[in-house]
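Visitor: The following file, structure12.cif, comprises mmCIF, C-alpha atoms:
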data_run
loop_
_atom_site.label_atom_id
_atom_site.label_comp_id
_atom_site.auth_asym_id
_atom_site.auth_seq_id
_atom_site.Cartn_x
_atom_site.Cartn_y
_atom_site.Cartn_z
CA MET A 644 12.17 2.78 -27.42
CA LYS A 645 15.62 4.27 -28.12
CA ILE A 646 17.10 5.56 -24.89
CA GLY A 647 20.33 7.58 -24.91
CA ILE A 648 22.26 7.83 -21.66
CA VAL A 649 24.56 10.83 -21.36
CA GLY A 650 27.13 9.93 -18.69
CA GLY A 651 26.49 6.26 -19.33
CA THR A 652 29.75 5.07 -17.78
CA GLY A 653 28.91 6.55 -14.37
CA GLU A 654 27.47 4.45 -11.55
CA ILE A 655 23.80 5.26 -12.24
CA GLY A 656 24.20 5.50 -16.02
CA GLU A 657 25.70 2.03 -16.21
CA GLY A 658 23.09 0.71 -13.81
CA LEU A 659 20.32 2.19 -15.94
CA ALA A 660 21.80 0.53 -19.04
CA ARG A 661 21.86 -2.83 -17.25
CA ARG A 662 18.26 -2.37 -16.10
CA LEU A 663 16.83 -1.15 -19.43
CA SER A 664 18.71 -2.96 -22.24
CA HIS A 665 16.42 -5.99 -22.08
CA LYS A 666 13.40 -3.90 -23.12
CA HIS A 667 14.86 -0.89 -24.89
CA GLU A 668 17.56 0.04 -27.38
CA VAL A 669 20.11 1.74 -25.16
CA ILE A 670 22.77 4.09 -26.53
CA LEU A 671 25.33 4.53 -23.81
CA GLY A 672 27.25 7.78 -24.19
CA SER A 673 30.45 9.05 -22.59
CA ARG A 674 33.07 11.73 -23.14
CA ASP A 675 35.34 8.73 -23.74
CA ARG A 676 33.95 6.70 -26.64
CA ASP A 677 36.24 3.71 -25.97
CA ARG A 678 35.06 3.46 -22.41
CA ALA A 679 31.43 3.67 -23.55
CA GLU A 680 32.00 0.84 -26.01
CA GLU A 681 33.67 -1.30 -23.34
CA THR A 682 30.84 -0.65 -20.88
CA SER A 683 28.17 -1.45 -23.44
CA SER A 684 29.74 -4.75 -24.51
CA CYS A 685 30.23 -5.63 -20.87
CA THR A 686 26.54 -4.85 -20.28
CA ILE A 687 25.49 -7.14 -23.13
CA ASP A 688 27.78 -9.97 -21.92
CA LEU A 689 26.38 -9.67 -18.42
CA LEU A 690 22.74 -9.70 -19.55
CA THR A 691 23.34 -12.54 -22.04
CA GLU A 692 24.92 -14.60 -19.28
CA ARG A 693 21.76 -14.01 -17.25
CA GLY A 694 19.64 -15.42 -20.07
CA CYS A 695 18.59 -12.21 -21.84
CA ARG A 696 18.49 -12.81 -25.59
CA ASN A 697 17.58 -9.65 -27.41
CA CYS A 698 19.23 -7.06 -25.21
CA SER A 699 20.44 -3.98 -27.03
CA CYS A 700 23.17 -1.66 -25.81
CA SER A 701 25.66 0.25 -27.93
CA GLY A 702 28.42 2.64 -26.87
CA GLY A 703 29.33 6.04 -28.31
CA THR A 704 29.92 9.65 -27.45
CA ASN A 705 27.50 11.71 -25.37
CA GLN A 706 26.45 13.38 -28.63
CA ASP A 707 25.66 9.91 -30.06
CA ALA A 708 23.41 9.29 -27.04
CA VAL A 709 21.52 12.53 -27.69
CA ASP A 710 21.28 11.94 -31.43
CA GLY A 711 20.24 8.30 -31.13
CA GLY A 712 17.76 8.55 -28.25
CA ASP A 713 14.09 9.41 -28.48
CA VAL A 714 14.49 9.70 -24.74
CA VAL A 715 17.76 11.01 -23.30
CA VAL A 716 18.79 10.50 -19.67
CA LEU A 717 21.25 13.06 -18.32
CA SER A 718 23.06 10.85 -15.84
CA ILE A 719 25.70 13.35 -14.76
CA PRO A 720 26.60 15.17 -11.54
CA PHE A 721 25.02 18.59 -11.17
CA LYS A 722 28.40 20.31 -11.24
CA HIS A 723 28.97 19.05 -14.81
CA LEU A 724 25.45 19.76 -16.06
CA LYS A 725 26.02 23.14 -17.68
CA SER A 726 29.35 22.30 -19.35
CA THR A 727 27.94 18.99 -20.63
CA VAL A 728 24.74 20.50 -22.02
CA ASP A 729 26.70 23.37 -23.59
CA SER A 730 28.96 20.85 -25.36
CA LEU A 731 26.00 19.00 -26.94
CA SER A 732 23.26 19.86 -29.43
CA GLY A 733 20.08 18.43 -30.86
CA PHE A 734 17.87 18.41 -27.74
CA GLU A 735 14.92 19.87 -29.68
CA ASP A 736 11.69 17.84 -29.24
CA LYS A 737 13.48 15.11 -27.28
CA ILE A 738 12.25 13.78 -23.96
CA ILE A 739 15.00 14.56 -21.46
CA ILE A 740 15.09 12.72 -18.14
CA SER A 741 16.82 14.46 -15.23
CA PRO A 742 17.77 12.23 -12.30
CA ILE A 743 20.14 14.99 -11.11
CA ASN A 744 20.31 16.07 -7.46
CA PRO A 745 22.43 19.06 -6.44
CA ILE A 746 23.82 17.97 -3.08
CA ALA A 747 26.51 19.32 -0.77
CA ARG A 748 28.16 17.43 2.05
CA ASN A 749 29.57 19.02 5.17
CA ASP A 750 28.60 17.64 8.57
CA HIS A 751 25.61 16.17 6.80
CA PHE A 752 24.14 16.07 3.31
CA SER A 753 22.13 19.12 2.27
CA TYR A 754 20.16 20.17 -0.78
CA GLN A 755 21.91 22.96 -2.65
CA PRO A 756 19.77 23.95 -5.61
CA PRO A 757 20.85 26.65 -8.06
CA SER A 758 19.04 30.00 -8.16
CA GLU A 759 16.44 28.58 -10.60
CA GLY A 760 15.14 26.41 -7.73
CA SER A 761 16.27 22.93 -8.79
CA ALA A 762 18.61 21.14 -11.18
CA ALA A 763 15.65 20.42 -13.47
CA LEU A 764 14.55 24.06 -13.53
CA ALA A 765 18.16 25.13 -14.27
CA LEU A 766 18.22 22.54 -17.05
CA LYS A 767 15.03 24.01 -18.48
CA ALA A 768 16.80 27.36 -18.83
CA MET A 769 19.70 25.67 -20.69
CA LEU A 770 17.72 23.57 -23.19
CA PRO A 771 15.65 24.66 -26.18
CA GLU A 772 11.99 25.33 -25.40
CA THR A 773 10.81 22.24 -27.26
CA ALA A 774 12.82 19.86 -25.07
CA ARG A 775 10.40 17.93 -22.85
CA ILE A 776 12.02 17.66 -19.43
CA VAL A 777 10.89 14.95 -17.02
CA VAL A 778 12.31 14.41 -13.53
CA ALA A 779 12.68 10.72 -12.59
CA PHE A 780 14.94 8.17 -10.88
CA ASN A 781 16.25 10.75 -8.38
CA ASN A 782 15.81 8.89 -5.11
CA VAL A 783 16.89 5.37 -6.01
CA ALA A 784 19.89 4.35 -3.89
CA ALA A 785 22.92 4.73 -6.20
CA ASN A 786 24.76 1.64 -4.95
CA LYS A 787 21.96 -0.71 -5.95
CA TRP A 788 21.63 0.32 -9.58
CA LYS A 789 24.38 -1.93 -10.93
CA GLN A 790 23.70 -4.96 -8.75
CA LEU A 791 21.18 -6.87 -10.80
CA ASP A 792 20.52 -9.35 -7.99
CA GLU A 793 19.10 -6.48 -5.96
CA GLU A 794 15.46 -5.81 -6.74
CA LEU A 795 14.72 -2.09 -6.59
CA GLU A 796 11.64 -2.04 -4.36
CA TYR A 797 11.20 1.72 -4.46
CA SER A 798 8.75 4.39 -5.49
CA VAL A 799 9.80 6.91 -8.12
CA ALA A 800 8.19 10.36 -8.12
CA VAL A 801 7.99 11.62 -11.70
CA CYS A 802 7.26 15.26 -12.53
CA GLY A 803 7.19 17.42 -15.64
CA ASP A 804 5.09 19.94 -17.53
CA ASP A 805 4.49 17.76 -20.63
CA ASP A 806 1.91 15.14 -19.65
CA ALA A 807 2.53 12.81 -22.60
CA ALA A 808 6.29 12.84 -21.97
CA LYS A 809 5.74 12.28 -18.26
CA HIS A 810 3.52 9.27 -18.80
CA LEU A 811 5.93 7.76 -21.30
CA VAL A 812 8.75 8.12 -18.76
CA MET A 813 6.53 6.56 -16.07
CA GLY A 814 6.30 3.52 -18.33
CA ILE A 815 10.09 3.37 -18.67
CA VAL A 816 10.45 3.62 -14.87
CA GLU A 817 8.20 0.61 -14.45
CA ASP A 818 10.35 -1.39 -16.88
CA VAL A 819 13.14 -1.20 -14.27
CA SER A 820 13.15 -4.01 -11.69
CA HIS A 821 10.33 -3.45 -9.18
CA LEU A 822 10.30 0.33 -9.39
CA ARG A 823 6.86 1.92 -9.23
CA ALA A 824 6.26 5.27 -10.90
CA PHE A 825 4.01 7.96 -9.42
CA ASP A 826 2.85 11.10 -11.22
CA ALA A 827 4.02 13.90 -8.90
CA GLY A 828 2.72 16.86 -10.90
CA PRO A 829 4.47 19.68 -12.77
CA LEU A 830 8.20 20.42 -13.05
CA SER A 831 7.85 22.91 -10.18
CA MET A 832 7.72 19.89 -7.84
CA SER A 833 11.34 19.07 -8.75
CA PRO A 834 12.96 20.83 -5.75
CA ILE A 835 11.10 18.51 -3.37
CA ILE A 836 11.89 15.36 -5.35
CA GLU A 837 15.57 16.26 -5.69
CA GLY A 838 15.68 17.26 -2.00
CA ILE A 839 14.58 13.80 -0.89
CA THR A 840 17.96 12.41 -1.94
CA PRO A 841 20.07 14.29 0.66
CA LEU A 842 17.30 13.47 3.16
CA VAL A 843 17.58 9.71 2.62
CA LEU A 844 21.39 9.94 2.59
CA ASN A 845 21.25 11.57 6.05
CA ILE A 846 18.72 9.02 7.24
CA ALA A 847 21.00 6.19 6.11
CA ARG A 848 24.03 7.68 7.84
CA LEU A 849 22.29 8.71 11.08
CA ASN A 850 20.24 5.54 11.56
CA GLY A 851 22.81 2.90 10.65
CA MET A 852 21.06 1.94 7.43
CA LYS A 853 22.30 1.18 3.91
CA ASP A 854 20.94 2.26 0.54
CA VAL A 855 17.82 3.99 1.84
CA GLY A 856 15.09 4.82 -0.65
CA ILE A 857 11.42 5.70 -0.37
CA GLN A 858 8.04 4.17 -0.93
CA PHE A 859 4.76 6.05 -1.20
CA LYS A 860 2.04 4.08 0.58
CA MET B 380 5.74 12.44 29.80
CA LYS B 381 3.49 15.52 29.86
CA ILE B 382 2.58 16.47 26.31
CA GLY B 383 0.72 19.71 25.60
CA ILE B 384 -1.07 20.02 22.27
CA VAL B 385 -1.67 23.57 21.05
CA GLY B 386 -4.52 23.34 18.54
CA GLY B 387 -5.69 20.12 20.13
CA THR B 388 -9.20 20.29 18.74
CA GLY B 389 -8.00 20.24 15.11
CA GLU B 390 -7.92 17.06 13.05
CA ILE B 391 -4.28 16.18 13.76
CA GLY B 392 -4.27 17.53 17.31
CA GLU B 393 -7.22 15.38 18.29
CA GLY B 394 -5.72 12.41 16.48
CA LEU B 395 -2.45 12.88 18.35
CA ALA B 396 -4.34 13.00 21.66
CA ARG B 397 -6.10 9.74 20.80
CA ARG B 398 -2.82 8.11 19.81
CA LEU B 399 -0.75 9.31 22.80
CA SER B 400 -3.08 9.42 25.84
CA HIS B 401 -2.51 5.73 26.61
CA LYS B 402 1.18 6.31 27.28
CA HIS B 403 1.45 9.99 28.13
CA GLU B 404 -0.29 12.69 30.10
CA VAL B 405 -1.86 14.78 27.35
CA ILE B 406 -2.97 18.38 27.90
CA LEU B 407 -5.19 19.25 24.99
CA GLY B 408 -5.30 23.01 24.39
CA SER B 409 -7.60 25.19 22.31
CA ARG B 410 -8.57 28.82 21.99
CA ASP B 411 -11.95 27.53 23.16
CA ARG B 412 -11.53 25.92 26.58
CA ASP B 413 -15.01 24.34 26.56
CA ARG B 414 -14.33 22.65 23.26
CA ALA B 415 -10.98 21.39 24.55
CA GLU B 416 -12.68 19.91 27.63
CA GLU B 417 -15.33 18.23 25.50
CA THR B 418 -12.72 16.79 23.14
CA SER B 419 -10.57 15.51 25.99
CA SER B 420 -13.45 13.77 27.76
CA CYS B 421 -14.54 12.31 24.45
CA THR B 422 -10.97 11.05 23.92
CA ILE B 423 -10.97 9.37 27.33
CA ASP B 424 -14.39 7.78 26.74
CA LEU B 425 -13.25 6.46 23.38
CA LEU B 426 -10.02 4.98 24.73
CA THR B 427 -11.73 3.52 27.80
CA GLU B 428 -14.26 1.82 25.56
CA ARG B 429 -11.36 0.30 23.66
CA GLY B 430 -9.98 -1.15 26.89
CA CYS B 431 -7.43 1.48 27.84
CA ARG B 432 -7.37 1.88 31.63
CA ASN B 433 -4.95 4.59 32.63
CA CYS B 434 -5.30 6.98 29.75
CA SER B 435 -4.77 10.61 30.61
CA CYS B 436 -6.13 13.55 28.66
CA SER B 437 -7.25 16.89 30.05
CA GLY B 438 -8.61 19.94 28.22
CA GLY B 439 -7.69 23.59 28.67
CA THR B 440 -6.51 26.68 26.87
CA ASN B 441 -3.55 26.73 24.51
CA GLN B 442 -1.62 28.47 27.29
CA ASP B 443 -2.50 25.56 29.62
CA ALA B 444 -1.03 23.18 27.00
CA VAL B 445 2.23 25.16 26.92
CA ASP B 446 2.40 25.52 30.71
CA GLY B 447 1.56 21.89 31.42
CA GLY B 448 3.64 20.16 28.76
CA ASP B 449 7.29 19.19 28.99
CA VAL B 450 6.84 18.65 25.29
CA VAL B 451 4.50 20.95 23.34
CA VAL B 452 3.11 20.09 19.91
CA LEU B 453 2.09 23.07 17.78
CA SER B 454 -0.71 21.44 15.84
CA ILE B 455 -1.90 24.51 13.97
CA PRO B 456 -2.05 25.65 10.34
CA PHE B 457 0.96 27.69 9.22
CA LYS B 458 -1.19 30.75 8.62
CA HIS B 459 -2.04 30.88 12.33
CA LEU B 460 1.46 30.12 13.59
CA LYS B 461 2.70 33.65 14.26
CA SER B 462 -0.50 34.96 15.86
CA THR B 463 -0.78 31.85 18.03
CA VAL B 464 2.84 31.92 19.19
CA ASP B 465 2.61 35.68 19.85
CA SER B 466 -0.46 35.10 22.06
CA LEU B 467 1.34 32.55 24.24
CA SER B 468 4.32 32.60 26.62
CA GLY B 469 6.51 30.22 28.58
CA PHE B 470 8.23 28.37 25.72
CA GLU B 471 11.64 28.68 27.41
CA ASP B 472 13.47 25.31 27.73
CA LYS B 473 10.46 23.37 26.41
CA ILE B 474 10.70 20.82 23.65
CA ILE B 475 8.49 22.15 20.85
CA ILE B 476 7.31 19.79 18.11
CA SER B 477 6.43 21.33 14.74
CA PRO B 478 4.35 19.16 12.41
CA ILE B 479 3.52 22.30 10.40
CA ASN B 480 3.64 22.36 6.59
CA PRO B 481 3.14 25.63 4.69
CA ILE B 482 1.18 24.49 1.65
CA ALA B 483 -0.69 26.32 -1.09
CA ARG B 484 -3.21 24.81 -3.44
CA ASN B 485 -3.93 26.01 -6.94
CA ASP B 486 -3.95 23.51 -9.81
CA HIS B 487 -1.91 21.31 -7.53
CA PHE B 488 -0.43 21.41 -4.04
CA SER B 489 2.85 23.29 -3.69
CA TYR B 490 5.27 24.01 -0.88
CA GLN B 491 5.22 27.68 0.08
CA PRO B 492 7.75 28.25 2.82
CA PRO B 493 8.24 31.67 4.43
CA SER B 494 11.45 33.63 3.78
CA GLU B 495 13.20 31.83 6.66
CA GLY B 496 13.11 28.65 4.53
CA SER B 497 10.53 26.55 6.38
CA ALA B 498 7.79 26.76 8.99
CA ALA B 499 10.19 25.34 11.59
CA LEU B 500 12.89 27.89 10.77
CA ALA B 501 10.31 30.69 10.98
CA LEU B 502 9.20 29.27 14.33
CA LYS B 503 12.78 29.34 15.53
CA ALA B 504 12.86 33.08 14.90
CA MET B 505 9.64 33.54 16.94
CA LEU B 506 10.52 31.46 20.01
CA PRO B 507 13.05 32.17 22.78
CA GLU B 508 16.53 30.78 22.09
CA THR B 509 16.21 28.09 24.74
CA ALA B 510 13.16 26.50 23.09
CA ARG B 511 14.21 23.15 21.62
CA ILE B 512 12.45 22.81 18.29
CA VAL B 513 11.99 19.38 16.73
CA VAL B 514 10.24 18.71 13.41
CA ALA B 515 8.11 15.54 13.43
CA PHE B 516 4.80 14.04 12.29
CA ASN B 517 4.71 16.19 9.12
CA ASN B 518 3.99 13.57 6.48
CA VAL B 519 1.41 11.37 8.18
CA ALA B 520 -1.83 11.39 6.21
CA ALA B 521 -4.16 13.75 8.12
CA ASN B 522 -7.32 11.70 7.59
CA LYS B 523 -5.93 8.66 9.34
CA TRP B 524 -4.91 10.30 12.60
CA LYS B 525 -8.30 10.07 14.29
CA GLN B 526 -9.30 6.64 13.01
CA LEU B 527 -7.86 4.35 15.65
CA ASP B 528 -8.67 1.24 13.62
CA GLU B 529 -6.19 2.45 11.02
CA GLU B 530 -2.63 1.48 11.84
CA LEU B 531 -0.21 4.21 10.79
CA GLU B 532 2.37 2.22 8.84
CA TYR B 533 4.55 5.19 7.99
CA SER B 534 8.05 6.51 8.47
CA VAL B 535 8.51 9.82 10.29
CA ALA B 536 11.57 11.94 9.50
CA VAL B 537 12.58 13.83 12.65
CA CYS B 538 15.02 16.75 12.56
CA GLY B 539 16.31 19.33 15.02
CA ASP B 540 19.48 20.94 16.34
CA ASP B 541 19.17 19.61 19.92
CA ASP B 542 20.11 15.94 19.82
CA ALA B 543 18.65 15.03 23.22
CA ALA B 544 15.33 16.68 22.36
CA LYS B 545 15.30 15.00 18.96
CA HIS B 546 15.85 11.54 20.40
CA LEU B 547 13.17 12.07 23.04
CA VAL B 548 10.71 13.07 20.30
CA MET B 549 11.72 10.01 18.25
CA GLY B 550 10.64 7.92 21.24
CA ILE B 551 7.26 9.69 21.35
CA VAL B 552 6.81 9.11 17.61
CA GLU B 553 7.32 5.39 18.10
CA ASP B 554 4.64 5.36 20.83
CA VAL B 555 2.12 6.18 18.08
CA SER B 556 0.60 3.17 16.30
CA HIS B 557 3.16 1.63 13.92
CA LEU B 558 5.02 4.85 13.16
CA ARG B 559 8.78 4.50 12.83
CA ALA B 560 11.01 7.47 13.63
CA PHE B 561 14.17 8.28 11.66
CA ASP B 562 16.80 10.81 12.66
CA ALA B 563 16.96 13.12 9.64
CA GLY B 564 19.65 15.51 10.88
CA PRO B 565 19.58 19.20 11.85
CA LEU B 566 16.69 21.67 11.68
CA SER B 567 18.00 22.87 8.30
CA MET B 568 16.51 19.65 6.83
CA SER B 569 13.01 20.93 7.67
CA PRO B 570 12.23 22.41 4.21
CA ILE B 571 12.60 18.97 2.64
CA ILE B 572 10.54 17.20 5.31
CA GLU B 573 7.76 19.81 5.16
CA GLY B 574 7.89 19.74 1.34
CA ILE B 575 7.14 16.02 1.24
CA THR B 576 3.58 16.75 2.39
CA PRO B 577 2.45 18.65 -0.75
CA LEU B 578 4.33 16.01 -2.78
CA VAL B 579 2.33 13.12 -1.30
CA LEU B 580 -0.91 15.15 -1.58
CA ASN B 581 -0.24 15.55 -5.32
CA ILE B 582 0.68 11.91 -5.65
CA ALA B 583 -2.59 10.90 -3.98
CA ARG B 584 -4.66 13.15 -6.24
CA LEU B 585 -2.86 12.35 -9.51
CA ASN B 586 -2.60 8.59 -9.03
CA GLY B 587 -6.06 7.83 -7.66
CA MET B 588 -4.78 7.01 -4.17
CA LYS B 589 -5.98 7.87 -0.68
CA ASP B 590 -4.06 9.00 2.39
CA VAL B 591 -0.59 8.63 0.90
CA GLY B 592 2.38 8.69 3.26
CA ILE B 593 6.01 7.59 3.00
CA GLN B 594 8.27 4.84 4.17
CA PHE B 595 12.05 4.91 4.17
CA LYS B 596 13.38 1.50 3.16
#
Can you turn what I pasted into structure tokens?
Guide:
Amino acid sequence: MKIGIVGGTGEIGEGLARRLSHKHEVILGSRDRDRAEETSSCTIDLLTERGCRNCSCSGGTNQDAVDGGDVVVLSIPFKHLKSTVDSLSGFEDKIIISPINPIARNDHFSYQPPSEGSAALALKAMLPETARIVVAFNNVAANKWKQLDEELEYSVAVCGDDDAAKHLVMGIVEDVSHLRAFDAGPLSMSPIIEGITPLVLNIARLNGMKDVGIQFK
Amino acid sequence: MKIGIVGGTGEIGEGLARRLSHKHEVILGSRDRDRAEETSSCTIDLLTERGCRNCSCSGGTNQDAVDGGDVVVLSIPFKHLKSTVDSLSGFEDKIIISPINPIARNDHFSYQPPSEGSAALALKAMLPETARIVVAFNNVAANKWKQLDEELEYSVAVCGDDDAAKHLVMGIVEDVSHLRAFDAGPLSMSPIIEGITPLVLNIARLNGMKDVGIQFK
């Protein structure tokens, strides 16, 4: 599968590239093409060193990631979502993964969704109607993504209104380390899934833990 | 500790009584005093048969549960919360545990909080200012509460604005089977914690699972 990563030089974007390039053709996008190319060749070197032979990761612009991907991950902070989406085109009929969590931090972390109810629901209002939005990867501890020696022993709640797109994304989730994908229902479940991220951030901070994630049991 | 359970003859209330009467003095309340007395003597018989010697569980009215408890669990459906609280008095200075999740079910389960933002925040508006509200026990699979042979291997997110009350409730949580309590921050985190319950109900239904709960790892 061709997977474009918009924001591919960020912490999670780069981690996703490292975790998916052994099975998929990753197109790592960035506002800065040079940086994307550097990151992608670094990803290939790293995976080759670890014994991966046919890994595939190329760098380009964010628009290249959209154009080249059958599936496009929007790995960007919520505050840059609108400006990034507005600067890109060609989302029609694509499967768009949103791992985006709108979070504020004051005394503690809190969930601060936009008026649409969640980042994913706001995204739905920005994209063409034929874009197939799927929420996934939201609650995986950010620090662990890039460290390939760390197995990701987490559950991933996946929601969306297009069942075929959702099940395809569930398959991609399960290609990553030890992640397990769970169908969590329609896109209207996205506020809860996104909200779990500030919850686990607070739990980590208040209980002396590191990199807290969740498992459904 | 004296723990009053309002709604003690419901599924979770009775389960809580069975899981706490070995360590605490439980006052099991109900609108129907006779039923509460029956349930409490049944609880004692059951625990005695399992080898528990000093278990303590008495039945009475919901008002008896409030009056007798240092800690009071409101184990009632959200739709009965306001009428129940309005019919009772004496909440001043008590620690009040809310395991309440406002959930609707149509095609799937969804979180339907009141305008205050959550059941716990609505409860805060109903109770006197000195009541110390703590959210706990929300995401434990309801069916498992009463089955004492089932260990509850779950995490419990606990939130509230009164730190002393919160930590005391965390201790009570850890007296129950294998439950582990996690400080999840202030009462404003309650919408996320309550929202996890419809999420895990959907996950159970959509992924062919039973009695799904969560663990923070």
Visitor: Would you mind listing what lies within 12 Å of segment 418-420 of chain B as an MDAnalysis selection string, with all atoms listed in the file counted and same-chain residues fewer than 2 positions away left out?
Guide: chainID B and resid 384 386:390 392:397 400 404:409 411:416 422:427 434:440 525
Visitor: Please indicate the distance in Å from atom CA of Leu811 of chain A to atom CA of Val778 of chain A, rounded to one decimal place.
Guide: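 Distance between the two atoms: 12.1 Å.
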Visitor: Go through the shown structure with the PyMOL selection byres ((chain B) within 7 of (chain A)) and write out the matching residues as a VMD selection string.
Guide: chain B and resid 561 to 564 571 574 to 575 578 581 to 582 585 to 586 591 to 596
Visitor: From the options A:Cys802, A:Cys685, A:Ile738, A:Ile746, which residue's atoms come nearest to Ile646 of chain A, counting only C-alpha atoms?
Guide: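 Between A:Cys802, A:Cys685, A:Ile738, A:Ile746, the residue approaching Ile646 of chain A most closely is A:Ile738.
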Visitor: Near Asp465 of chain B, counting all atoms listed in the file, which residues have an atom at most 10 Å away, once you skip same-chain residues fewer than 4 positions from it, shown as a ChimeraX atom specification?
Guide: /B:460-461,505-506
Visitor: Could you save those same residues with C-alpha atoms as a CSV table (one decimal), in the frame of the given file?
Guide:
chain,number,residue,atom,x,y,z
B,460,LEU,CA,1.5,30.1,13.6
B,461,LYS,CA,2.7,33.6,14.3
B,505,MET,CA,9.6,33.5,16.9
B,506,LEU,CA,10.5,31.5,20.0
Visitor: List, as a list in words, every residue that the PyMOL selection byres ((chain A and resi 721) around 7) selects in the file provided.
Guide: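 For this structure, the PyMOL selection byres ((chain A and resi 721) around 7) captures Ile719, Pro720, Lys722, His723, Leu724, Ile743, Asn744, Pro745 and Ala762 of chain A.
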Visitor: Generate N, CA and C atoms for segment 705-722 of chain A and emit them as a PDB file, keeping the file's coordinate frame.
Guide:
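Below is the file result00.pdb, written as the result:
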ATOM      1  N   ASN A 705      28.720  11.121 -25.935  1.00  0.00           N
ATOM      2  CA  ASN A 705      27.500  11.710 -25.370  1.00  0.00           C
ATOM      3  C   ASN A 705      26.616  12.278 -26.476  1.00  0.00           C
ATOM      4  N   GLN A 706      27.243  12.844 -27.517  1.00  0.00           N
ATOM      5  CA  GLN A 706      26.450  13.380 -28.630  1.00  0.00           C
ATOM      6  C   GLN A 706      25.702  12.252 -29.346  1.00  0.00           C
ATOM      7  N   ASP A 707      26.347  11.074 -29.473  1.00  0.00           N
ATOM      8  CA  ASP A 707      25.660   9.910 -30.060  1.00  0.00           C
ATOM      9  C   ASP A 707      24.418   9.539 -29.239  1.00  0.00           C
ATOM     10  N   ALA A 708      24.548   9.629 -27.914  1.00  0.00           N
ATOM     11  CA  ALA A 708      23.410   9.290 -27.040  1.00  0.00           C
ATOM     12  C   ALA A 708      22.254  10.256 -27.268  1.00  0.00           C
ATOM     13  N   VAL A 709      22.585  11.548 -27.423  1.00  0.00           N
ATOM     14  CA  VAL A 709      21.520  12.530 -27.690  1.00  0.00           C
ATOM     15  C   VAL A 709      20.914  12.279 -29.073  1.00  0.00           C
ATOM     16  N   ASP A 710      21.774  12.101 -30.061  1.00  0.00           N
ATOM     17  CA  ASP A 710      21.280  11.940 -31.430  1.00  0.00           C
ATOM     18  C   ASP A 710      20.452  10.666 -31.593  1.00  0.00           C
ATOM     19  N   GLY A 711      20.896   9.592 -30.927  1.00  0.00           N
ATOM     20  CA  GLY A 711      20.240   8.300 -31.130  1.00  0.00           C
ATOM     21  C   GLY A 711      19.014   8.079 -30.277  1.00  0.00           C
ATOM     22  N   GLY A 712      18.867   8.807 -29.180  1.00  0.00           N
ATOM     23  CA  GLY A 712      17.760   8.550 -28.250  1.00  0.00           C
ATOM     24  C   GLY A 712      16.503   9.326 -28.587  1.00  0.00           C
ATOM     25  N   ASP A 713      15.360   8.654 -28.490  1.00  0.00           N
ATOM     26  CA  ASP A 713      14.090   9.410 -28.480  1.00  0.00           C
ATOM     27  C   ASP A 713      13.930  10.016 -27.089  1.00  0.00           C
ATOM     28  N   VAL A 714      14.441   9.250 -26.130  1.00  0.00           N
ATOM     29  CA  VAL A 714      14.490   9.700 -24.740  1.00  0.00           C
ATOM     30  C   VAL A 714      15.957   9.763 -24.345  1.00  0.00           C
ATOM     31  N   VAL A 715      16.354  10.843 -23.693  1.00  0.00           N
ATOM     32  CA  VAL A 715      17.760  11.010 -23.300  1.00  0.00           C
ATOM     33  C   VAL A 715      17.841  11.218 -21.790  1.00  0.00           C
ATOM     34  N   VAL A 716      18.593  10.349 -21.117  1.00  0.00           N
ATOM     35  CA  VAL A 716      18.790  10.500 -19.670  1.00  0.00           C
ATOM     36  C   VAL A 716      20.093  11.256 -19.438  1.00  0.00           C
ATOM     37  N   LEU A 717      20.020  12.314 -18.655  1.00  0.00           N
ATOM     38  CA  LEU A 717      21.250  13.060 -18.320  1.00  0.00           C
ATOM     39  C   LEU A 717      21.773  12.541 -16.986  1.00  0.00           C
ATOM     40  N   SER A 718      22.584  11.502 -17.061  1.00  0.00           N
ATOM     41  CA  SER A 718      23.060  10.850 -15.840  1.00  0.00           C
ATOM     42  C   SER A 718      24.435  11.391 -15.470  1.00  0.00           C
ATOM     43  N   ILE A 719      24.436  12.653 -15.056  1.00  0.00           N
ATOM     44  CA  ILE A 719      25.700  13.350 -14.760  1.00  0.00           C
ATOM     45  C   ILE A 719      25.557  14.125 -13.468  1.00  0.00           C
ATOM     46  N   PRO A 720      26.678  14.366 -12.779  1.00  0.00           N
ATOM     47  CA  PRO A 720      26.600  15.170 -11.540  1.00  0.00           C
ATOM     48  C   PRO A 720      26.176  16.596 -11.872  1.00  0.00           C
ATOM     49  N   PHE A 721      25.506  17.239 -10.927  1.00  0.00           N
ATOM     50  CA  PHE A 721      25.020  18.590 -11.170  1.00  0.00           C
ATOM     51  C   PHE A 721      26.149  19.539 -11.565  1.00  0.00           C
ATOM     52  N   LYS A 722      27.306  19.357 -10.957  1.00  0.00           N
ATOM     53  CA  LYS A 722      28.400  20.310 -11.240  1.00  0.00           C
ATOM     54  C   LYS A 722      28.869  20.238 -12.690  1.00  0.00           C
TER      55      LYS A 722
END
